[in-house]
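Below is target38.txt, holding compact mmCIF, all heavy atoms.
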# COMPACT_ATOMS: atom_id res chain seq x y z
N MET L 110 30.12 -0.51 50.96
CA MET L 110 29.81 -0.02 52.26
C MET L 110 31.12 0.13 53.02
O MET L 110 32.00 -0.71 52.94
CB MET L 110 28.89 -1.01 52.98
CG MET L 110 28.55 -0.61 54.37
SD MET L 110 27.52 -1.81 55.27
CE MET L 110 26.30 -2.22 54.08
N LYS L 111 31.24 1.20 53.75
CA LYS L 111 32.42 1.43 54.58
C LYS L 111 31.98 1.40 56.03
O LYS L 111 31.04 2.08 56.43
CB LYS L 111 33.06 2.78 54.27
CG LYS L 111 34.31 3.05 55.07
CD LYS L 111 34.93 4.36 54.63
CE LYS L 111 36.29 4.53 55.24
NZ LYS L 111 36.92 5.76 54.72
N ILE L 112 32.68 0.61 56.83
CA ILE L 112 32.40 0.51 58.25
C ILE L 112 33.57 1.13 58.99
O ILE L 112 34.71 0.76 58.79
CB ILE L 112 32.21 -0.96 58.68
CG1 ILE L 112 31.06 -1.57 57.89
CG2 ILE L 112 32.00 -1.05 60.18
CD1 ILE L 112 30.90 -3.05 58.08
N VAL L 113 33.26 2.10 59.83
CA VAL L 113 34.27 2.77 60.64
C VAL L 113 34.09 2.29 62.07
O VAL L 113 32.99 2.32 62.61
CB VAL L 113 34.12 4.31 60.56
CG1 VAL L 113 35.13 5.00 61.45
CG2 VAL L 113 34.26 4.78 59.12
N SER L 114 35.17 1.86 62.67
CA SER L 114 35.07 1.25 64.00
C SER L 114 36.35 1.48 64.79
O SER L 114 37.30 2.07 64.32
CB SER L 114 34.83 -0.25 63.84
OG SER L 114 34.72 -0.89 65.10
N PHE L 115 36.32 0.99 66.02
CA PHE L 115 37.53 0.86 66.80
C PHE L 115 37.79 -0.64 66.99
O PHE L 115 36.91 -1.46 66.74
CB PHE L 115 37.45 1.62 68.12
CG PHE L 115 36.33 1.20 69.03
CD1 PHE L 115 36.56 0.34 70.09
CD2 PHE L 115 35.05 1.69 68.84
CE1 PHE L 115 35.54 -0.04 70.93
CE2 PHE L 115 34.01 1.31 69.67
CZ PHE L 115 34.26 0.44 70.72
N LYS L 116 38.96 -1.02 67.39
CA LYS L 116 39.43 -2.41 67.32
C LYS L 116 38.53 -3.44 68.01
O LYS L 116 38.38 -4.53 67.53
CB LYS L 116 40.84 -2.53 67.89
CG LYS L 116 41.87 -1.87 67.03
CD LYS L 116 42.35 -2.79 65.95
CE LYS L 116 43.47 -2.13 65.18
NZ LYS L 116 43.77 -2.78 63.96
N ILE L 117 37.94 -3.12 69.15
CA ILE L 117 37.22 -4.16 69.89
C ILE L 117 35.72 -3.92 69.98
O ILE L 117 35.06 -4.39 70.90
CB ILE L 117 37.81 -4.31 71.31
CG1 ILE L 117 37.73 -2.99 72.07
CG2 ILE L 117 39.23 -4.84 71.27
CD1 ILE L 117 38.05 -3.09 73.54
N CYS L 118 35.16 -3.24 69.04
CA CYS L 118 33.73 -2.94 69.06
C CYS L 118 32.91 -4.22 68.80
O CYS L 118 32.96 -4.78 67.70
CB CYS L 118 33.38 -1.89 68.01
SG CYS L 118 31.62 -1.50 67.97
N PRO L 119 32.13 -4.68 69.78
CA PRO L 119 31.35 -5.91 69.59
C PRO L 119 30.23 -5.74 68.56
O PRO L 119 29.84 -6.70 67.91
CB PRO L 119 30.80 -6.20 70.97
CG PRO L 119 30.76 -4.88 71.66
CD PRO L 119 31.93 -4.11 71.10
N PHE L 120 29.73 -4.53 68.41
CA PHE L 120 28.65 -4.28 67.45
C PHE L 120 29.15 -4.43 66.02
O PHE L 120 28.48 -5.02 65.18
CB PHE L 120 28.02 -2.91 67.69
CG PHE L 120 27.59 -2.72 69.12
CD1 PHE L 120 28.26 -1.86 69.96
CD2 PHE L 120 26.52 -3.45 69.64
CE1 PHE L 120 27.87 -1.71 71.28
CE2 PHE L 120 26.12 -3.30 70.95
CZ PHE L 120 26.80 -2.43 71.78
N VAL L 121 30.31 -3.89 65.74
CA VAL L 121 30.89 -4.01 64.40
C VAL L 121 31.28 -5.46 64.12
O VAL L 121 31.14 -5.93 63.00
CB VAL L 121 32.06 -3.04 64.20
CG1 VAL L 121 32.83 -3.34 62.94
CG2 VAL L 121 31.54 -1.61 64.17
N GLN L 122 31.73 -6.18 65.12
CA GLN L 122 32.05 -7.59 64.94
C GLN L 122 30.80 -8.36 64.49
O GLN L 122 30.87 -9.21 63.61
CB GLN L 122 32.62 -8.19 66.22
CG GLN L 122 34.00 -7.67 66.54
CD GLN L 122 34.50 -8.14 67.90
OE1 GLN L 122 33.78 -8.77 68.67
NE2 GLN L 122 35.75 -7.83 68.20
N ARG L 123 29.66 -8.04 65.06
CA ARG L 123 28.41 -8.68 64.66
C ARG L 123 28.03 -8.31 63.22
O ARG L 123 27.60 -9.16 62.44
CB ARG L 123 27.29 -8.28 65.60
CG ARG L 123 27.45 -8.82 66.98
CD ARG L 123 26.34 -8.33 67.87
NE ARG L 123 26.65 -8.65 69.25
CZ ARG L 123 26.11 -8.06 70.27
NH1 ARG L 123 25.20 -7.11 70.10
NH2 ARG L 123 26.42 -8.41 71.50
N VAL L 124 28.17 -7.04 62.90
CA VAL L 124 27.81 -6.58 61.56
C VAL L 124 28.71 -7.22 60.51
O VAL L 124 28.22 -7.71 59.49
CB VAL L 124 27.89 -5.03 61.47
CG1 VAL L 124 27.80 -4.55 60.03
CG2 VAL L 124 26.79 -4.40 62.31
N THR L 125 30.02 -7.25 60.76
CA THR L 125 30.92 -7.83 59.77
C THR L 125 30.70 -9.34 59.64
O THR L 125 30.83 -9.88 58.55
CB THR L 125 32.39 -7.52 60.08
OG1 THR L 125 32.72 -7.96 61.40
CG2 THR L 125 32.67 -6.03 59.94
N ALA L 126 30.35 -10.01 60.73
CA ALA L 126 30.04 -11.44 60.64
C ALA L 126 28.83 -11.67 59.75
O ALA L 126 28.82 -12.59 58.92
CB ALA L 126 29.79 -12.02 62.04
N LEU L 127 27.82 -10.84 59.88
CA LEU L 127 26.63 -10.95 59.03
C LEU L 127 26.96 -10.66 57.57
O LEU L 127 26.54 -11.40 56.68
CB LEU L 127 25.53 -10.01 59.52
CG LEU L 127 24.27 -9.98 58.66
CD1 LEU L 127 23.55 -11.32 58.72
CD2 LEU L 127 23.36 -8.86 59.10
N LEU L 128 27.73 -9.60 57.33
CA LEU L 128 28.11 -9.26 55.96
C LEU L 128 28.91 -10.40 55.32
O LEU L 128 28.70 -10.73 54.15
CB LEU L 128 28.90 -7.96 55.94
CG LEU L 128 28.13 -6.70 56.31
CD1 LEU L 128 29.08 -5.51 56.44
CD2 LEU L 128 27.03 -6.40 55.32
N GLU L 129 29.82 -10.99 56.08
CA GLU L 129 30.60 -12.12 55.57
C GLU L 129 29.68 -13.29 55.23
O GLU L 129 29.81 -13.91 54.17
CB GLU L 129 31.64 -12.57 56.61
CG GLU L 129 32.76 -11.59 56.83
CD GLU L 129 33.76 -11.54 55.69
OE1 GLU L 129 33.88 -12.53 54.95
OE2 GLU L 129 34.40 -10.49 55.54
N ALA L 130 28.75 -13.60 56.12
CA ALA L 130 27.83 -14.72 55.90
C ALA L 130 26.96 -14.50 54.66
O ALA L 130 26.63 -15.45 53.95
CB ALA L 130 26.95 -14.92 57.13
N LYS L 131 26.60 -13.25 54.40
CA LYS L 131 25.76 -12.93 53.25
C LYS L 131 26.56 -12.68 51.98
O LYS L 131 26.00 -12.48 50.91
CB LYS L 131 24.92 -11.68 53.56
CG LYS L 131 23.98 -11.84 54.71
CD LYS L 131 22.60 -11.89 54.20
CE LYS L 131 21.63 -12.03 55.35
NZ LYS L 131 20.40 -12.59 54.88
N GLY L 132 27.90 -12.64 52.09
CA GLY L 132 28.74 -12.41 50.92
C GLY L 132 28.70 -10.98 50.42
O GLY L 132 28.90 -10.73 49.24
N ILE L 133 28.46 -10.04 51.31
CA ILE L 133 28.37 -8.62 50.95
C ILE L 133 29.74 -7.97 51.13
O ILE L 133 30.37 -8.11 52.18
CB ILE L 133 27.31 -7.91 51.81
CG1 ILE L 133 25.94 -8.54 51.57
CG2 ILE L 133 27.29 -6.41 51.52
CD1 ILE L 133 24.85 -8.05 52.50
N ASP L 134 30.19 -7.26 50.10
CA ASP L 134 31.48 -6.57 50.16
C ASP L 134 31.38 -5.35 51.07
O ASP L 134 30.37 -4.65 51.10
CB ASP L 134 31.91 -6.10 48.77
CG ASP L 134 32.26 -7.26 47.85
OD1 ASP L 134 32.67 -8.31 48.36
OD2 ASP L 134 32.11 -7.10 46.63
N TYR L 135 32.47 -5.11 51.80
CA TYR L 135 32.54 -3.94 52.67
C TYR L 135 33.99 -3.58 52.89
O TYR L 135 34.89 -4.38 52.65
CB TYR L 135 31.85 -4.20 54.01
CG TYR L 135 32.50 -5.29 54.84
CD1 TYR L 135 33.46 -4.98 55.78
CD2 TYR L 135 32.16 -6.62 54.66
CE1 TYR L 135 34.07 -5.98 56.53
CE2 TYR L 135 32.75 -7.62 55.40
CZ TYR L 135 33.71 -7.29 56.33
OH TYR L 135 34.31 -8.28 57.07
N GLU L 136 34.19 -2.36 53.32
CA GLU L 136 35.52 -1.87 53.68
C GLU L 136 35.48 -1.56 55.17
O GLU L 136 34.53 -0.97 55.66
CB GLU L 136 35.83 -0.60 52.88
CG GLU L 136 37.16 0.03 53.20
CD GLU L 136 37.36 1.34 52.46
OE1 GLU L 136 36.62 1.62 51.51
OE2 GLU L 136 38.26 2.08 52.86
N LEU L 137 36.51 -1.95 55.89
CA LEU L 137 36.57 -1.74 57.32
C LEU L 137 37.75 -0.84 57.64
O LEU L 137 38.87 -1.09 57.21
CB LEU L 137 36.73 -3.09 58.04
CG LEU L 137 36.72 -3.11 59.55
CD1 LEU L 137 35.44 -2.51 60.11
CD2 LEU L 137 36.89 -4.53 60.04
N GLU L 138 37.48 0.25 58.35
CA GLU L 138 38.55 1.17 58.73
C GLU L 138 38.47 1.40 60.23
O GLU L 138 37.43 1.72 60.78
CB GLU L 138 38.41 2.51 58.01
CG GLU L 138 39.53 3.45 58.35
CD GLU L 138 39.58 4.68 57.45
OE1 GLU L 138 38.93 4.67 56.40
OE2 GLU L 138 40.27 5.63 57.82
N PHE L 139 39.61 1.19 60.89
CA PHE L 139 39.69 1.39 62.32
C PHE L 139 40.21 2.78 62.63
O PHE L 139 41.12 3.28 61.95
CB PHE L 139 40.61 0.36 62.96
CG PHE L 139 40.08 -1.05 62.87
CD1 PHE L 139 40.64 -1.95 62.00
CD2 PHE L 139 39.01 -1.45 63.65
CE1 PHE L 139 40.17 -3.25 61.92
CE2 PHE L 139 38.52 -2.74 63.58
CZ PHE L 139 39.10 -3.64 62.72
N ILE L 140 39.62 3.41 63.65
CA ILE L 140 40.11 4.71 64.11
C ILE L 140 40.39 4.62 65.60
O ILE L 140 39.89 3.74 66.29
CB ILE L 140 39.10 5.85 63.82
CG1 ILE L 140 37.79 5.61 64.57
CG2 ILE L 140 38.88 6.04 62.34
CD1 ILE L 140 36.85 6.80 64.54
N SER L 141 41.17 5.55 66.08
CA SER L 141 41.47 5.65 67.50
C SER L 141 40.40 6.53 68.15
O SER L 141 40.16 7.66 67.71
CB SER L 141 42.84 6.28 67.71
OG SER L 141 43.02 6.63 69.07
N LEU L 142 39.76 6.01 69.18
CA LEU L 142 38.73 6.80 69.85
C LEU L 142 39.32 7.97 70.63
O LEU L 142 38.64 8.97 70.86
CB LEU L 142 37.91 5.92 70.79
CG LEU L 142 37.06 4.86 70.10
CD1 LEU L 142 36.29 4.05 71.14
CD2 LEU L 142 36.10 5.48 69.11
N SER L 143 40.58 7.88 71.01
CA SER L 143 41.21 8.97 71.74
C SER L 143 41.77 10.04 70.82
O SER L 143 42.09 11.14 71.27
CB SER L 143 42.32 8.43 72.64
OG SER L 143 43.32 7.81 71.87
N ASN L 144 41.87 9.73 69.52
CA ASN L 144 42.41 10.69 68.55
C ASN L 144 41.66 10.54 67.23
O ASN L 144 42.22 10.07 66.24
CB ASN L 144 43.91 10.45 68.37
CG ASN L 144 44.55 11.51 67.53
OD1 ASN L 144 44.02 12.61 67.39
ND2 ASN L 144 45.69 11.19 66.94
N LYS L 145 40.41 10.93 67.23
CA LYS L 145 39.56 10.77 66.04
C LYS L 145 40.01 11.71 64.93
O LYS L 145 40.23 12.89 65.17
CB LYS L 145 38.11 11.03 66.40
CG LYS L 145 37.58 10.04 67.40
CD LYS L 145 36.20 10.41 67.87
CE LYS L 145 35.77 9.42 68.94
NZ LYS L 145 34.72 9.93 69.78
N PRO L 146 40.12 11.20 63.71
CA PRO L 146 40.55 12.06 62.60
C PRO L 146 39.46 13.09 62.23
O PRO L 146 38.27 12.85 62.45
CB PRO L 146 40.78 11.08 61.45
CG PRO L 146 40.07 9.83 61.83
CD PRO L 146 39.92 9.81 63.30
N GLN L 147 39.89 14.19 61.67
CA GLN L 147 38.97 15.26 61.33
C GLN L 147 37.91 14.82 60.32
O GLN L 147 36.75 15.19 60.42
CB GLN L 147 39.72 16.49 60.80
CG GLN L 147 38.83 17.70 60.58
CD GLN L 147 38.11 18.13 61.84
OE1 GLN L 147 38.71 18.27 62.90
NE2 GLN L 147 36.79 18.34 61.75
N TRP L 148 38.30 13.99 59.33
CA TRP L 148 37.32 13.53 58.34
C TRP L 148 36.19 12.78 59.02
O TRP L 148 35.04 12.86 58.59
CB TRP L 148 37.98 12.67 57.26
CG TRP L 148 38.52 11.36 57.75
CD1 TRP L 148 39.83 11.10 58.08
CD2 TRP L 148 37.80 10.16 57.98
NE1 TRP L 148 39.95 9.80 58.51
CE2 TRP L 148 38.71 9.19 58.46
CE3 TRP L 148 36.47 9.78 57.84
CZ2 TRP L 148 38.34 7.89 58.80
CZ3 TRP L 148 36.10 8.49 58.17
CH2 TRP L 148 37.03 7.56 58.64
N PHE L 149 36.50 12.05 60.10
CA PHE L 149 35.48 11.32 60.82
C PHE L 149 34.56 12.28 61.58
O PHE L 149 33.34 12.13 61.57
CB PHE L 149 36.11 10.31 61.78
CG PHE L 149 35.11 9.60 62.62
CD1 PHE L 149 34.32 8.61 62.07
CD2 PHE L 149 34.92 9.95 63.94
CE1 PHE L 149 33.36 7.97 62.83
CE2 PHE L 149 33.97 9.30 64.71
CZ PHE L 149 33.19 8.31 64.15
N LEU L 150 35.13 13.26 62.22
CA LEU L 150 34.33 14.25 62.95
C LEU L 150 33.43 15.04 61.99
O LEU L 150 32.32 15.42 62.36
CB LEU L 150 35.23 15.19 63.74
CG LEU L 150 36.07 14.52 64.83
CD1 LEU L 150 37.06 15.51 65.42
CD2 LEU L 150 35.20 13.89 65.89
N ASP L 151 33.89 15.24 60.77
CA ASP L 151 33.09 15.96 59.77
C ASP L 151 31.84 15.19 59.36
O ASP L 151 30.81 15.78 59.08
CB ASP L 151 33.92 16.26 58.52
CG ASP L 151 35.01 17.29 58.77
OD1 ASP L 151 34.94 18.02 59.78
OD2 ASP L 151 35.94 17.34 57.94
N ILE L 152 31.93 13.85 59.31
CA ILE L 152 30.78 13.05 58.87
C ILE L 152 29.96 12.50 60.02
O ILE L 152 28.89 11.95 59.81
CB ILE L 152 31.20 11.89 57.94
CG1 ILE L 152 32.10 10.89 58.66
CG2 ILE L 152 31.85 12.43 56.67
CD1 ILE L 152 32.38 9.63 57.88
N SER L 153 30.46 12.61 61.25
CA SER L 153 29.76 12.08 62.41
C SER L 153 29.61 13.18 63.45
O SER L 153 30.46 13.35 64.32
CB SER L 153 30.52 10.89 62.99
OG SER L 153 29.81 10.36 64.08
N PRO L 154 28.54 13.95 63.39
CA PRO L 154 28.37 15.09 64.30
C PRO L 154 28.46 14.72 65.78
O PRO L 154 28.90 15.52 66.59
CB PRO L 154 26.99 15.62 63.97
CG PRO L 154 26.61 15.03 62.66
CD PRO L 154 27.42 13.78 62.50
N ASN L 155 28.05 13.51 66.13
CA ASN L 155 28.12 13.08 67.53
C ASN L 155 29.43 12.36 67.85
O ASN L 155 29.61 11.87 68.96
CB ASN L 155 26.94 12.16 67.87
CG ASN L 155 25.62 12.89 67.77
OD1 ASN L 155 25.52 14.06 68.08
ND2 ASN L 155 24.61 12.18 67.32
N ALA L 156 30.31 12.29 66.87
CA ALA L 156 31.63 11.65 67.01
C ALA L 156 31.52 10.20 67.45
O ALA L 156 32.32 9.70 68.22
CB ALA L 156 32.52 12.45 67.95
N GLN L 157 30.49 9.49 66.95
CA GLN L 157 30.31 8.08 67.27
C GLN L 157 30.57 7.25 66.02
O GLN L 157 30.29 7.68 64.91
CB GLN L 157 28.90 7.82 67.76
CG GLN L 157 28.56 8.53 69.05
CD GLN L 157 27.14 8.32 69.47
OE1 GLN L 157 26.28 8.04 68.66
NE2 GLN L 157 26.89 8.46 70.76
N VAL L 158 31.08 6.03 66.23
CA VAL L 158 31.29 5.14 65.10
C VAL L 158 29.95 4.61 64.63
O VAL L 158 29.00 4.49 65.39
CB VAL L 158 32.25 3.97 65.46
CG1 VAL L 158 33.63 4.49 65.73
CG2 VAL L 158 31.73 3.18 66.64
N SER L 159 29.86 4.31 63.34
CA SER L 159 28.61 3.89 62.74
C SER L 159 28.87 3.34 61.33
O SER L 159 30.01 3.23 60.92
CB SER L 159 27.64 5.08 62.67
OG SER L 159 26.37 4.67 62.27
N LEU L 160 27.82 3.05 60.61
CA LEU L 160 27.93 2.61 59.22
C LEU L 160 27.64 3.76 58.29
O LEU L 160 26.69 4.51 58.48
CB LEU L 160 26.91 1.49 58.94
CG LEU L 160 27.04 0.23 59.77
CD1 LEU L 160 25.87 -0.69 59.46
CD2 LEU L 160 28.33 -0.47 59.47
N TYR L 161 28.46 3.89 57.25
CA TYR L 161 28.28 4.94 56.24
C TYR L 161 28.37 4.31 54.87
O TYR L 161 29.36 3.64 54.57
CB TYR L 161 29.34 6.01 56.38
CG TYR L 161 29.24 6.78 57.66
CD1 TYR L 161 29.99 6.43 58.77
CD2 TYR L 161 28.34 7.83 57.78
CE1 TYR L 161 29.87 7.11 59.96
CE2 TYR L 161 28.22 8.52 58.98
CZ TYR L 161 28.99 8.15 60.06
OH TYR L 161 28.85 8.82 61.23
N PRO L 162 27.39 4.49 54.01
CA PRO L 162 27.49 3.97 52.64
C PRO L 162 28.54 4.76 51.87
O PRO L 162 28.71 5.94 52.09
CB PRO L 162 26.10 4.18 52.06
CG PRO L 162 25.47 5.24 52.90
CD PRO L 162 26.13 5.19 54.26
N ASN L 163 29.27 4.07 50.99
CA ASN L 163 30.27 4.75 50.15
C ASN L 163 29.57 5.57 49.09
O ASN L 163 28.56 5.31 48.61
CB ASN L 163 31.18 3.74 49.47
CG ASN L 163 32.32 3.35 50.39
OD1 ASN L 163 32.48 3.89 51.47
ND2 ASN L 163 33.09 2.38 49.96
What does this structure look like when you write it as structure tokens?
Amino acid sequence: MKIVSFKICPFVQRVTALLEAKGIDYELEFISLSNKPQWFLDISPNAQVSLYPN
């Protein structure tokens, strides 16, 4: 699972805490909300951070 977030997102902090507690592997990638990369805009039509399965 790949989690795309920004540095201080409280929602992603909750999700990663749960994944850690359950021993589930994940990849975490931080993006800048003021300069979102094109690959992110391509997979997120509303340009919002979220969870995406690999």
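You will find CG2 of Val121 (chain L) at 7.1 Å from CE2 of Phe139 (chain L).
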Check: Please, what distance in Å, to one decimal, runs between CA of Leu137 (chain L) and CA of Ile152 (chain L)?
Finding: 16.0 Å
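Atom C of Tyr135 (chain L) to atom C of Met110 (chain L) spans 4.7 Å [interatomic distance, one decimal].
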Check: Can you list, as a PyMOL selection string, every residue of chain L that DSSP puts in strand (DSSP E)?
Finding: chain L and resi 111-114+136-139+160-161
Selected residues written out with all heavy atoms, as a compact mmCIF listing (two decimals), in the frame of the given file:
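Okay, this is what ended up in again39.txt:
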# COMPACT_ATOMS: atom_id res chain seq x y z
N LYS L 111 31.24 1.20 53.75
CA LYS L 111 32.42 1.43 54.58
C LYS L 111 31.98 1.40 56.03
O LYS L 111 31.04 2.08 56.43
CB LYS L 111 33.06 2.78 54.27
CG LYS L 111 34.31 3.05 55.07
CD LYS L 111 34.93 4.36 54.63
CE LYS L 111 36.29 4.53 55.24
NZ LYS L 111 36.92 5.76 54.72
N ILE L 112 32.68 0.61 56.83
CA ILE L 112 32.40 0.51 58.25
C ILE L 112 33.57 1.13 58.99
O ILE L 112 34.71 0.76 58.79
CB ILE L 112 32.21 -0.96 58.68
CG1 ILE L 112 31.06 -1.57 57.89
CG2 ILE L 112 32.00 -1.05 60.18
CD1 ILE L 112 30.90 -3.05 58.08
N VAL L 113 33.26 2.10 59.83
CA VAL L 113 34.27 2.77 60.64
C VAL L 113 34.09 2.29 62.07
O VAL L 113 32.99 2.32 62.61
CB VAL L 113 34.12 4.31 60.56
CG1 VAL L 113 35.13 5.00 61.45
CG2 VAL L 113 34.26 4.78 59.12
N SER L 114 35.17 1.86 62.67
CA SER L 114 35.07 1.25 64.00
C SER L 114 36.35 1.48 64.79
O SER L 114 37.30 2.07 64.32
CB SER L 114 34.83 -0.25 63.84
OG SER L 114 34.72 -0.89 65.10
N GLU L 136 34.19 -2.36 53.32
CA GLU L 136 35.52 -1.87 53.68
C GLU L 136 35.48 -1.56 55.17
O GLU L 136 34.53 -0.97 55.66
CB GLU L 136 35.83 -0.60 52.88
CG GLU L 136 37.16 0.03 53.20
CD GLU L 136 37.36 1.34 52.46
OE1 GLU L 136 36.62 1.62 51.51
OE2 GLU L 136 38.26 2.08 52.86
N LEU L 137 36.51 -1.95 55.89
CA LEU L 137 36.57 -1.74 57.32
C LEU L 137 37.75 -0.84 57.64
O LEU L 137 38.87 -1.09 57.21
CB LEU L 137 36.73 -3.09 58.04
CG LEU L 137 36.72 -3.11 59.55
CD1 LEU L 137 35.44 -2.51 60.11
CD2 LEU L 137 36.89 -4.53 60.04
N GLU L 138 37.48 0.25 58.35
CA GLU L 138 38.55 1.17 58.73
C GLU L 138 38.47 1.40 60.23
O GLU L 138 37.43 1.72 60.78
CB GLU L 138 38.41 2.51 58.01
CG GLU L 138 39.53 3.45 58.35
CD GLU L 138 39.58 4.68 57.45
OE1 GLU L 138 38.93 4.67 56.40
OE2 GLU L 138 40.27 5.63 57.82
N PHE L 139 39.61 1.19 60.89
CA PHE L 139 39.69 1.39 62.32
C PHE L 139 40.21 2.78 62.63
O PHE L 139 41.12 3.28 61.95
CB PHE L 139 40.61 0.36 62.96
CG PHE L 139 40.08 -1.05 62.87
CD1 PHE L 139 40.64 -1.95 62.00
CD2 PHE L 139 39.01 -1.45 63.65
CE1 PHE L 139 40.17 -3.25 61.92
CE2 PHE L 139 38.52 -2.74 63.58
CZ PHE L 139 39.10 -3.64 62.72
N LEU L 160 27.82 3.05 60.61
CA LEU L 160 27.93 2.61 59.22
C LEU L 160 27.64 3.76 58.29
O LEU L 160 26.69 4.51 58.48
CB LEU L 160 26.91 1.49 58.94
CG LEU L 160 27.04 0.23 59.77
CD1 LEU L 160 25.87 -0.69 59.46
CD2 LEU L 160 28.33 -0.47 59.47
N TYR L 161 28.46 3.89 57.25
CA TYR L 161 28.28 4.94 56.24
C TYR L 161 28.37 4.31 54.87
O TYR L 161 29.36 3.64 54.57
CB TYR L 161 29.34 6.01 56.38
CG TYR L 161 29.24 6.78 57.66
CD1 TYR L 161 29.99 6.43 58.77
CD2 TYR L 161 28.34 7.83 57.78
CE1 TYR L 161 29.87 7.11 59.96
CE2 TYR L 161 28.22 8.52 58.98
CZ TYR L 161 28.99 8.15 60.06
OH TYR L 161 28.85 8.82 61.23
Notebook entry, point to check: Using all heavy atoms, which residues sit within 5 Å of region 114-117 of chain L once same-chain residues fewer than 2 positions away are excluded, as a list in words?
Noted result: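 Neighbouring residues, sequence-local ones excluded: Ile112, Pro119, Val121, Gln122, Leu137, Glu138, Phe139, Ile140, Leu142 and Val158 of chain L.
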Check: Can you list every residue in chain L that DSSP puts in helix (DSSP H, G or I), as a ChimeraX atom specification?
Finding: /L:119-131,147-152
